[in-house]
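What follows is the content of model-v6.cif (mmCIF, C-alpha atoms and all ligand atoms).
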data_target
#
loop_
_atom_site.label_atom_id
_atom_site.label_comp_id
_atom_site.auth_asym_id
_atom_site.auth_seq_id
_atom_site.Cartn_x
_atom_site.Cartn_y
_atom_site.Cartn_z
CA LEU Y 13 145.55 66.70 92.25
CA GLN Y 14 146.97 63.27 91.39
CA HIS Y 15 145.77 61.94 94.76
CA PHE Y 16 143.02 63.29 97.03
CA LEU Y 17 144.03 62.20 100.51
CA SER Y 18 143.16 65.02 102.90
CA ILE Y 19 141.82 68.58 102.99
CA GLU Y 20 144.39 69.91 105.47
CA GLY Y 21 146.94 72.12 103.75
CA LEU Y 22 145.11 72.44 100.41
CA GLN Y 23 144.69 75.80 98.69
CA LYS Y 24 141.36 77.63 98.57
CA SER Y 25 141.73 77.80 94.75
CA LEU Y 26 141.85 73.98 94.49
CA LEU Y 27 138.79 73.50 96.71
CA THR Y 28 136.93 76.13 94.67
CA GLU Y 29 137.93 74.39 91.42
CA ILE Y 30 136.51 71.10 92.77
CA LEU Y 31 133.26 72.84 93.75
CA ASP Y 32 132.98 74.60 90.36
CA THR Y 33 133.69 71.38 88.44
CA ALA Y 34 131.10 69.54 90.55
CA GLU Y 35 128.64 72.36 89.85
CA SER Y 36 128.96 71.82 86.10
CA PHE Y 37 128.39 68.04 86.49
CA ALA Y 38 125.36 68.68 88.74
CA ASP Y 39 123.90 71.25 86.31
CA MET Y 40 124.25 68.84 83.40
CA SER Y 41 122.79 66.00 85.44
CA GLU Y 42 119.77 68.18 86.25
CA GLN Y 43 119.39 68.66 82.47
CA GLN Y 44 119.34 64.84 82.16
CA VAL Y 45 122.90 64.65 80.73
CA LYS Y 46 124.29 61.92 82.94
CA LYS Y 47 127.05 60.21 80.97
CA PHE Y 48 130.46 61.71 80.08
CA PRO Y 49 133.32 60.02 78.21
CA LEU Y 50 136.09 61.60 80.34
CA LEU Y 51 137.37 58.38 81.93
CA ARG Y 52 136.57 55.93 79.14
CA GLY Y 53 139.15 53.12 79.17
CA LYS Y 54 140.14 53.77 82.81
CA THR Y 55 139.70 51.21 85.56
CA ILE Y 56 138.86 52.24 89.12
CA VAL Y 57 138.91 49.90 92.11
CA ASN Y 58 136.80 50.55 95.22
CA LEU Y 59 138.80 49.10 98.12
CA PHE Y 60 136.53 49.34 101.15
CA PHE Y 61 137.99 47.71 104.26
CA GLU Y 62 135.16 49.28 106.32
CA ASN Y 63 131.42 49.25 105.66
CA SER Y 64 129.78 51.96 103.61
CA THR Y 65 126.47 52.73 101.92
CA ARG Y 66 126.68 56.32 100.63
CA THR Y 67 130.39 56.70 99.81
CA ARG Y 68 130.83 53.40 98.04
CA ALA Y 69 127.59 53.68 96.03
CA THR Y 70 128.21 57.28 94.95
CA PHE Y 71 131.81 56.52 93.92
CA GLU Y 72 130.45 53.65 91.81
CA LEU Y 73 127.80 55.86 90.23
CA ALA Y 74 130.28 58.71 89.68
CA ALA Y 75 132.76 56.38 87.95
CA THR Y 76 130.00 54.89 85.80
CA ARG Y 77 128.82 58.36 84.76
CA LEU Y 78 132.40 59.21 83.75
CA SER Y 79 132.41 56.02 81.58
CA ALA Y 80 135.13 54.31 83.65
CA ASP Y 81 135.12 50.62 84.49
CA ILE Y 82 134.67 50.19 88.25
CA LEU Y 83 135.39 47.14 90.34
CA SER Y 84 134.12 47.13 93.93
CA MET Y 85 136.16 44.62 95.92
CA ASN Y 86 134.38 42.68 98.63
CA ILE Y 87 137.21 42.74 101.16
CA ALA Y 88 135.42 40.33 103.52
CA THR Y 89 135.57 37.61 100.85
CA SER Y 90 138.97 38.61 99.38
CA ALA Y 91 142.32 36.91 99.99
CA THR Y 92 143.06 39.37 102.83
CA SER Y 93 141.10 36.88 104.98
CA LYS Y 94 143.82 34.31 104.10
CA GLY Y 95 146.54 36.62 105.41
CA GLU Y 96 147.47 38.54 102.25
CA SER Y 97 148.96 41.91 103.20
CA LEU Y 98 147.59 45.27 102.08
CA LEU Y 99 150.69 45.84 99.92
CA ASP Y 100 150.39 42.47 98.23
CA THR Y 101 146.72 43.14 97.54
CA ILE Y 102 147.70 46.47 95.95
CA ARG Y 103 150.52 44.87 93.89
CA ASN Y 104 148.14 42.24 92.52
CA LEU Y 105 145.49 44.79 91.58
CA GLU Y 106 148.18 46.95 89.93
CA ALA Y 107 149.11 43.93 87.83
CA MET Y 108 145.56 44.09 86.45
CA GLN Y 109 146.40 47.55 85.00
CA VAL Y 110 144.08 49.57 87.21
CA ASP Y 111 144.28 53.39 87.20
CA MET Y 112 142.77 54.49 90.51
CA PHE Y 113 142.14 53.17 94.01
CA VAL Y 114 139.32 54.55 96.14
CA VAL Y 115 140.25 53.47 99.67
CA ARG Y 116 138.34 53.27 102.95
CA HIS Y 117 140.22 51.82 105.90
CA SER Y 118 139.91 51.79 109.69
CA LEU Y 119 143.54 52.91 110.08
CA SER Y 120 144.41 56.61 109.86
CA GLY Y 121 146.97 57.08 107.09
CA ALA Y 122 146.02 53.96 105.10
CA ALA Y 123 145.24 55.90 101.91
CA HIS Y 124 148.52 57.88 102.25
CA PHE Y 125 150.40 54.59 102.66
CA ILE Y 126 148.84 53.20 99.48
CA ALA Y 127 149.56 56.43 97.57
CA GLU Y 128 153.22 56.27 98.64
CA ASN Y 129 153.58 52.64 97.64
CA ALA Y 130 151.42 52.38 94.51
CA ALA Y 131 152.83 52.71 91.00
CA PRO Y 132 153.32 56.39 90.03
CA ARG Y 133 150.64 56.22 87.31
CA ILE Y 134 147.93 55.34 89.88
CA SER Y 135 145.70 57.88 91.63
CA VAL Y 136 144.48 57.26 95.17
CA ILE Y 137 141.34 58.82 96.65
CA ASN Y 138 140.76 58.64 100.40
CA ALA Y 139 137.19 57.51 101.11
CA GLY Y 140 137.75 57.75 104.90
CA ASP Y 141 140.78 56.67 106.95
CA GLY Y 142 140.31 55.90 110.64
CA GLN Y 143 139.71 59.07 112.64
CA HIS Y 144 141.84 61.16 110.29
CA GLU Y 145 139.97 62.53 107.23
CA HIS Y 146 137.09 61.92 104.82
CA PRO Y 147 137.89 64.58 102.23
CA THR Y 148 135.25 63.85 99.57
CA GLN Y 149 132.54 63.89 102.27
CA ALA Y 150 133.72 67.34 103.36
CA MET Y 151 133.71 68.56 99.75
CA LEU Y 152 130.16 67.36 99.13
CA ASP Y 153 129.16 69.11 102.35
CA MET Y 154 130.86 72.33 101.17
CA PHE Y 155 129.10 71.96 97.81
CA THR Y 156 125.73 71.58 99.57
CA ILE Y 157 126.38 74.63 101.79
CA ARG Y 158 127.50 76.77 98.83
CA ARG Y 159 124.44 75.79 96.78
CA VAL Y 160 122.10 76.96 99.55
CA LYS Y 161 124.03 79.89 101.05
CA GLN Y 162 125.99 80.98 97.90
CA SER Y 163 129.13 81.95 99.85
CA PHE Y 164 131.07 80.93 102.96
CA SER Y 165 131.84 84.46 104.08
CA GLY Y 166 129.84 85.50 107.12
CA LEU Y 167 128.64 81.93 107.82
CA ARG Y 168 128.60 80.46 111.33
CA ILE Y 169 128.67 76.68 111.30
CA ALA Y 170 128.13 74.38 114.29
CA ILE Y 171 129.38 70.79 114.20
CA VAL Y 172 127.66 68.83 116.96
CA GLY Y 173 128.41 65.49 118.61
CA ASP Y 174 131.17 62.93 118.45
CA ILE Y 175 133.99 65.14 117.12
CA LEU Y 176 136.64 62.90 118.73
CA HIS Y 177 136.07 59.92 116.43
CA SER Y 178 134.91 61.87 113.38
CA ARG Y 179 137.12 61.99 110.28
CA VAL Y 180 134.26 63.90 108.65
CA ALA Y 181 134.44 66.69 111.25
CA ARG Y 182 138.20 67.01 110.84
CA SER Y 183 137.90 67.38 107.04
CA GLN Y 184 134.93 69.77 107.36
CA ILE Y 185 136.77 72.01 109.84
CA HIS Y 186 139.78 72.30 107.49
CA ALA Y 187 137.56 72.93 104.45
CA LEU Y 188 135.41 75.58 106.18
CA ASN Y 189 138.46 77.45 107.44
CA ILE Y 190 140.19 77.32 104.04
CA LEU Y 191 137.02 78.50 102.26
CA GLY Y 192 136.64 81.48 104.62
CA ALA Y 193 133.72 80.70 106.93
CA GLU Y 194 133.18 83.35 109.63
CA GLU Y 195 133.18 80.88 112.55
CA VAL Y 196 133.34 77.11 112.98
CA ARG Y 197 131.96 75.90 116.32
CA VAL Y 198 132.16 72.44 117.79
CA ILE Y 199 129.50 71.50 120.34
CA ALA Y 200 130.13 68.34 122.34
CA PRO Y 201 130.73 66.91 125.79
CA LYS Y 202 134.40 67.13 126.84
CA THR Y 203 134.73 63.33 126.45
CA LEU Y 204 133.89 63.52 122.74
CA LEU Y 205 136.38 66.24 121.80
CA PRO Y 206 140.01 65.67 120.75
CA ALA Y 207 142.76 67.20 122.92
CA GLN Y 208 143.60 70.78 121.89
CA VAL Y 209 140.69 70.89 119.46
CA GLU Y 210 140.95 74.73 119.40
CA SER Y 211 144.20 74.37 117.46
CA LEU Y 212 142.11 73.18 114.48
CA GLY Y 213 140.57 76.67 114.29
CA VAL Y 214 137.24 76.20 116.07
CA SER Y 215 135.42 77.69 119.02
CA VAL Y 216 134.28 75.16 121.61
CA TYR Y 217 130.87 74.85 123.29
CA HIS Y 218 129.63 72.24 125.72
CA ASP Y 219 126.02 73.48 125.86
CA LEU Y 220 123.91 72.98 122.73
CA THR Y 221 121.44 75.69 123.71
CA VAL Y 222 124.28 78.26 123.80
CA GLY Y 223 126.27 76.96 120.84
CA LEU Y 224 123.34 77.04 118.41
CA LYS Y 225 122.70 80.79 118.83
CA ASN Y 226 123.16 82.76 115.56
CA VAL Y 227 124.19 79.65 113.63
CA ASP Y 228 123.53 79.35 109.85
CA VAL Y 229 124.47 75.70 109.36
CA ILE Y 230 124.16 72.80 111.83
CA ILE Y 231 126.08 69.60 111.10
CA MET Y 232 125.01 66.71 113.33
CA LEU Y 233 127.30 63.71 113.85
CA ARG Y 234 126.62 60.12 114.84
CA LEU Y 235 128.02 58.61 118.04
CA GLN Y 236 130.67 56.24 116.62
CA LYS Y 237 130.03 53.42 119.07
CA GLU Y 238 132.22 51.04 117.05
CA ARG Y 239 135.25 53.19 117.96
CA MET Y 240 134.36 53.58 121.65
CA ASN Y 241 135.07 51.56 124.75
CA SER Y 242 131.59 50.25 125.65
CA ALA Y 243 132.13 51.18 129.32
CA LEU Y 244 132.39 54.86 128.26
CA LEU Y 245 129.28 54.89 126.04
CA PRO Y 246 126.78 57.56 127.08
CA SER Y 247 123.14 56.49 127.50
CA GLU Y 248 121.30 57.28 124.25
CA SER Y 249 118.35 58.99 125.94
CA GLU Y 250 120.62 61.12 128.13
CA TYR Y 251 122.75 62.02 125.10
CA PHE Y 252 119.67 63.04 123.07
CA LYS Y 253 118.45 65.23 125.94
CA CYS Y 254 121.75 67.17 126.05
CA PHE Y 255 123.13 67.02 122.50
CA GLY Y 256 120.31 65.74 120.26
CA LEU Y 257 118.75 68.11 117.73
CA SER Y 258 115.00 68.36 118.37
CA ASP Y 259 112.49 70.85 116.93
CA ASP Y 260 112.85 73.01 120.08
CA LYS Y 261 116.64 73.13 119.88
CA LEU Y 262 116.55 73.89 116.16
CA LYS Y 263 114.52 77.06 116.91
CA ILE Y 264 117.56 78.47 118.78
CA ALA Y 265 119.57 78.70 115.53
CA ASN Y 266 118.90 81.23 112.77
CA LYS Y 267 115.47 80.80 111.13
CA ASP Y 268 116.96 79.68 107.83
CA ALA Y 269 119.62 77.41 109.35
CA MET Y 270 120.37 74.32 107.25
CA VAL Y 271 120.49 70.94 109.00
CA MET Y 272 123.12 68.51 107.73
CA HIS Y 273 124.32 65.03 108.63
CA PRO Y 274 126.87 62.90 106.75
CA GLY Y 275 124.95 59.71 107.59
CA PRO Y 276 124.24 57.13 108.70
CA ILE Y 277 121.81 58.82 111.08
CA ASN Y 278 120.66 57.36 114.38
CA ARG Y 279 117.15 58.74 114.82
CA GLY Y 280 116.36 59.67 118.40
CA VAL Y 281 120.04 59.61 119.41
CA GLU Y 282 121.67 62.66 117.77
CA ILE Y 283 118.68 63.91 115.77
CA SER Y 284 114.88 63.57 115.94
CA SER Y 285 113.02 62.20 112.94
CA SER Y 286 111.00 65.41 112.65
CA VAL Y 287 114.21 67.45 112.19
CA ALA Y 288 115.95 64.87 109.96
CA ASP Y 289 112.93 64.74 107.65
CA GLY Y 290 111.89 68.39 108.16
CA PRO Y 291 112.00 71.40 105.82
CA GLN Y 292 115.41 72.64 107.02
CA SER Y 293 117.12 69.28 106.45
CA VAL Y 294 119.37 68.86 103.40
CA ILE Y 295 120.55 65.38 104.40
CA LEU Y 296 119.40 63.65 101.22
CA GLN Y 297 120.63 66.54 99.05
CA GLN Y 298 124.08 65.86 100.54
CA VAL Y 299 123.83 62.29 99.27
CA THR Y 300 122.77 63.41 95.77
CA ASN Y 301 125.58 65.97 95.65
CA GLY Y 302 128.09 63.25 96.50
CA ILE Y 303 127.87 61.95 92.93
CA ALA Y 304 128.79 65.27 91.24
CA VAL Y 305 131.54 66.01 93.75
CA ARG Y 306 133.10 62.55 93.36
CA MET Y 307 132.88 62.90 89.57
CA ALA Y 308 134.78 66.18 89.93
CA VAL Y 309 137.50 64.72 92.16
CA MET Y 310 137.99 61.59 90.05
CA SER Y 311 138.09 63.45 86.73
CA MET Y 312 140.50 66.09 88.08
CA ALA Y 313 142.81 63.44 89.56
CA MET Y 314 142.83 61.42 86.37
CA GLN Y 315 143.41 64.46 84.15
CA CYS Y 316 146.35 65.49 86.33
CA ASN Y 317 147.71 61.97 86.06
CA MET Y 318 147.30 62.01 82.27
CA ARG Y 319 149.24 65.30 82.10
CA THR Y 320 152.14 63.74 84.02
CA GLU Y 321 152.24 60.49 81.98
N1 LIG Y 401 128.96 59.52 105.10
C1 LIG Y 401 129.48 58.29 104.90
O1 LIG Y 401 130.70 58.11 104.80
O2 LIG Y 401 128.55 57.28 104.82
P1 LIG Y 401 128.89 55.76 104.50
O3 LIG Y 401 129.63 55.21 105.68
O4 LIG Y 401 127.58 55.08 104.25
O5 LIG Y 401 129.77 55.74 103.27
#

Represent the structure from my file as structure tokens, please.
Amino acid sequence: LQHFLSIEGLQKSLLTEILDTAESFADMSEQQVKKFPLLRGKTIVNLFFENSTRTRATFELAATRLSADILSMNIATSATSKGESLLDTIRNLEAMQVDMFVVRHSLSGAAHFIAENAAPRISVINAGDGQHEHPTQAMLDMFTIRRVKQSFSGLRIAIVGDILHSRVARSQIHALNILGAEEVRVIAPKTLLPAQVESLGVSVYHDLTVGLKNVDVIIMLRLQKERMNSALLPSESEYFKCFGLSDDKLKIANKDAMVMHPGPINRGVEISSSVADGPQSVILQQVTNGIAVRMAVMSMAMQCNMRTE
């Protein structure tokens, strides 16, 4: 695990090792042990070309808890606004002897491109690339599911909403299939599903009231308006009526179904406030778990890199 760029194609054993490592960090954090010397002397750069609250903050906290130095670049005020290319930005940061890049970019494949072009001693973590993947988000979601449900076997998971634009959904679908979930469903209007979505290993529903039957985990997604042609935007009230998760709709799923959302949430569009803040919601636990999971990924990547030095 020198780089962590996507979930697709990874082995179940590696995903399980990430979850187990994260579990030990979370356990120690719950016992108030929050600081570890594992990455002392290492320098990590957060390179966020797209906005973020949760991912950027939890990567910063995770790096700090591993005793690394972390630099979060403000891309809007960096020299990229003067025309400096991505590669030149990377070359200049490399010259500052950094050890890891955490990259979010609007273009699918950006993190792969940086991994291919960065110096061999540098690790690259994908913090979300275009509509492709958001692998650490999927791993914190898997961690949250495993903590509540103990195992993936026998679980039916429904992912609801804007699957077409969602890098999170893509990573979650790969992770759930690799980890052995019973069934992964996607529930969305036809216009918000990628072509040949079944080939990802999902069953497809267009009616929320049918798709939620017998489901153990519900993952709601935001409408990614920033990636849509405004002429094709559905009306928010109409969308909520058909695909929003309300208290009534939640009753269709299994009684102990967990409600998840990667954030940011749009209350009253894809989820009601009463469900988002209700007893079945684990939305804020997902955020907390992001720290332990990102500590696991960063420490495993760096240790692999140290072994190959
Ligand atoms: N889930 C997620 O990626 O949130 P942010 O955009 O706030 O990082």

- [ ] Please identify every polymer residue within 8 Å of ligand LIG 401 (chain Y), using all atoms listed in the file, and present the set as number ranges by chain.
- [x] Y: 63-69, 139-140, 146, 149, 180, 274-276

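Our summary of the geometry notes that atom CA of Leu98 of chain Y is positioned 22.2 Å from atom CA of Glu238 of chain Y.
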
TODO: Find the residues around Cys316 of chain Y up to 12 Å (all atoms listed in the file counted), leave out those fewer than 6 positions away in its own chain, and share them as a list in words.
DONE: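 So, after excluding close chain neighbours, the residues are Leu13, Gln14, His15, Phe16, Arg133, Ile134, Ser135, Val309 and Met310 of chain Y.
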
Open item on the list: Using only C-alpha atoms, can you tell me which of Y:Leu59, Y:Lys253, Y:Met108, Y:Phe71 comes closest to Ala88 of chain Y?
Closed with: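 Using only C-alpha atoms, Ala88 of chain Y sits closest to Y:Leu59.
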
TODO: Point out the residue among Y:Met151, Y:Ala122, Y:Ser84, Y:Phe164 with the least atom-to-atom distance to Thr33 of chain Y, counting all atoms listed in the file.
DONE: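 Of Y:Met151, Y:Ala122, Y:Ser84, Y:Phe164, the one nearest Thr33 of chain Y is Y:Met151, counting all atoms listed in the file.
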
TODO: Name all residues at most 6 Å from segment 213-216 of chain Y (count all atoms listed in the file; drop same-chain ones fewer than 4 positions away) and give them as a ChimeraX atom specification.
DONE: /Y:196-198

Open item on the list: Give me the residues near Asn129 of chain Y as a list in words, where near means some atom within 10 Å (using only C-alpha atoms) and where sequence neighbours in that chain fewer than 5 positions away do not count.
Closed with: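 Within the cut-off, the hits are Leu99, Ile102, Arg103, Ala123, His124 and Ile134 of chain Y.
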
Open item on the list: Counting only C-alpha atoms, which residues sit no farther than 8 Å from the position (126.3, 69.8, 101.9) in the file's frame? I'd like them as a VMD selection string.
Closed with: chain Y and resid 150 to 158 272 294 to 295 297 to 298 301

Task: Of the listed residues Y:Ala38, Y:Leu212, Y:Ala170, Y:Leu235, that which approaches Glu195 of chain Y most closely, counting all atoms listed in the file - done: Y:Ala170

TODO: Compare Y:Glu62, Y:Thr148, Y:Ser285, Y:Leu51 by their minimum atom-to-atom distance to Ser118 of chain Y, counting only C-alpha atoms, and give me the closest one.
DONE: Y:Glu62

- [ ] Compare Y:Val136, Y:Val57, Y:Leu205, Y:Met270 by their minimum atom-to-atom distance to Gln109 of chain Y, counting all atoms listed in the file, and give me the closest one.
- [x] Y:Val57

Once N, CA and C atoms are restored for segment 260-275 of chain Y, what would the output be as a short mmCIF file (atom, residue, chain, number, x, y, z; two decimals), in the frame of the given file?
data_model
loop_
_atom_site.label_atom_id
_atom_site.label_comp_id
_atom_site.auth_asym_id
_atom_site.auth_seq_id
_atom_site.Cartn_x
_atom_site.Cartn_y
_atom_site.Cartn_z
N ASP Y 260 112.65 71.88 119.14
CA ASP Y 260 112.85 73.01 120.08
C ASP Y 260 114.26 73.57 119.99
N LYS Y 261 115.23 72.68 119.94
CA LYS Y 261 116.64 73.13 119.88
C LYS Y 261 116.91 73.83 118.55
N LEU Y 262 116.32 73.30 117.49
CA LEU Y 262 116.55 73.89 116.16
C LEU Y 262 116.09 75.35 116.13
N LYS Y 263 115.05 75.68 116.90
CA LYS Y 263 114.52 77.06 116.91
C LYS Y 263 115.54 78.05 117.46
N ILE Y 264 116.55 77.56 118.21
CA ILE Y 264 117.56 78.47 118.78
C ILE Y 264 118.46 79.04 117.67
N ALA Y 265 118.69 78.25 116.63
CA ALA Y 265 119.57 78.70 115.53
C ALA Y 265 118.84 79.72 114.67
N ASN Y 266 119.56 80.31 113.70
CA ASN Y 266 118.90 81.23 112.77
C ASN Y 266 117.73 80.54 112.06
N LYS Y 267 116.72 81.35 111.72
CA LYS Y 267 115.47 80.80 111.13
C LYS Y 267 115.72 79.95 109.89
N ASP Y 268 116.71 80.39 109.09
CA ASP Y 268 116.96 79.68 107.83
C ASP Y 268 118.17 78.74 107.95
N ALA Y 269 118.47 78.30 109.17
CA ALA Y 269 119.62 77.41 109.35
C ALA Y 269 119.39 76.09 108.61
N MET Y 270 120.45 75.62 107.92
CA MET Y 270 120.37 74.32 107.25
C MET Y 270 120.78 73.24 108.24
N VAL Y 271 120.13 72.09 108.15
CA VAL Y 271 120.49 70.94 109.00
C VAL Y 271 121.14 69.88 108.12
N MET Y 272 122.36 69.49 108.52
CA MET Y 272 123.12 68.51 107.73
C MET Y 272 123.52 67.33 108.60
N HIS Y 273 123.83 66.22 107.94
CA HIS Y 273 124.32 65.03 108.63
C HIS Y 273 124.98 64.17 107.56
N PRO Y 274 126.22 63.70 107.79
CA PRO Y 274 126.87 62.90 106.75
C PRO Y 274 126.27 61.50 106.60
N GLY Y 275 125.49 61.06 107.61
CA GLY Y 275 124.95 59.71 107.59
C GLY Y 275 126.02 58.71 107.98
#
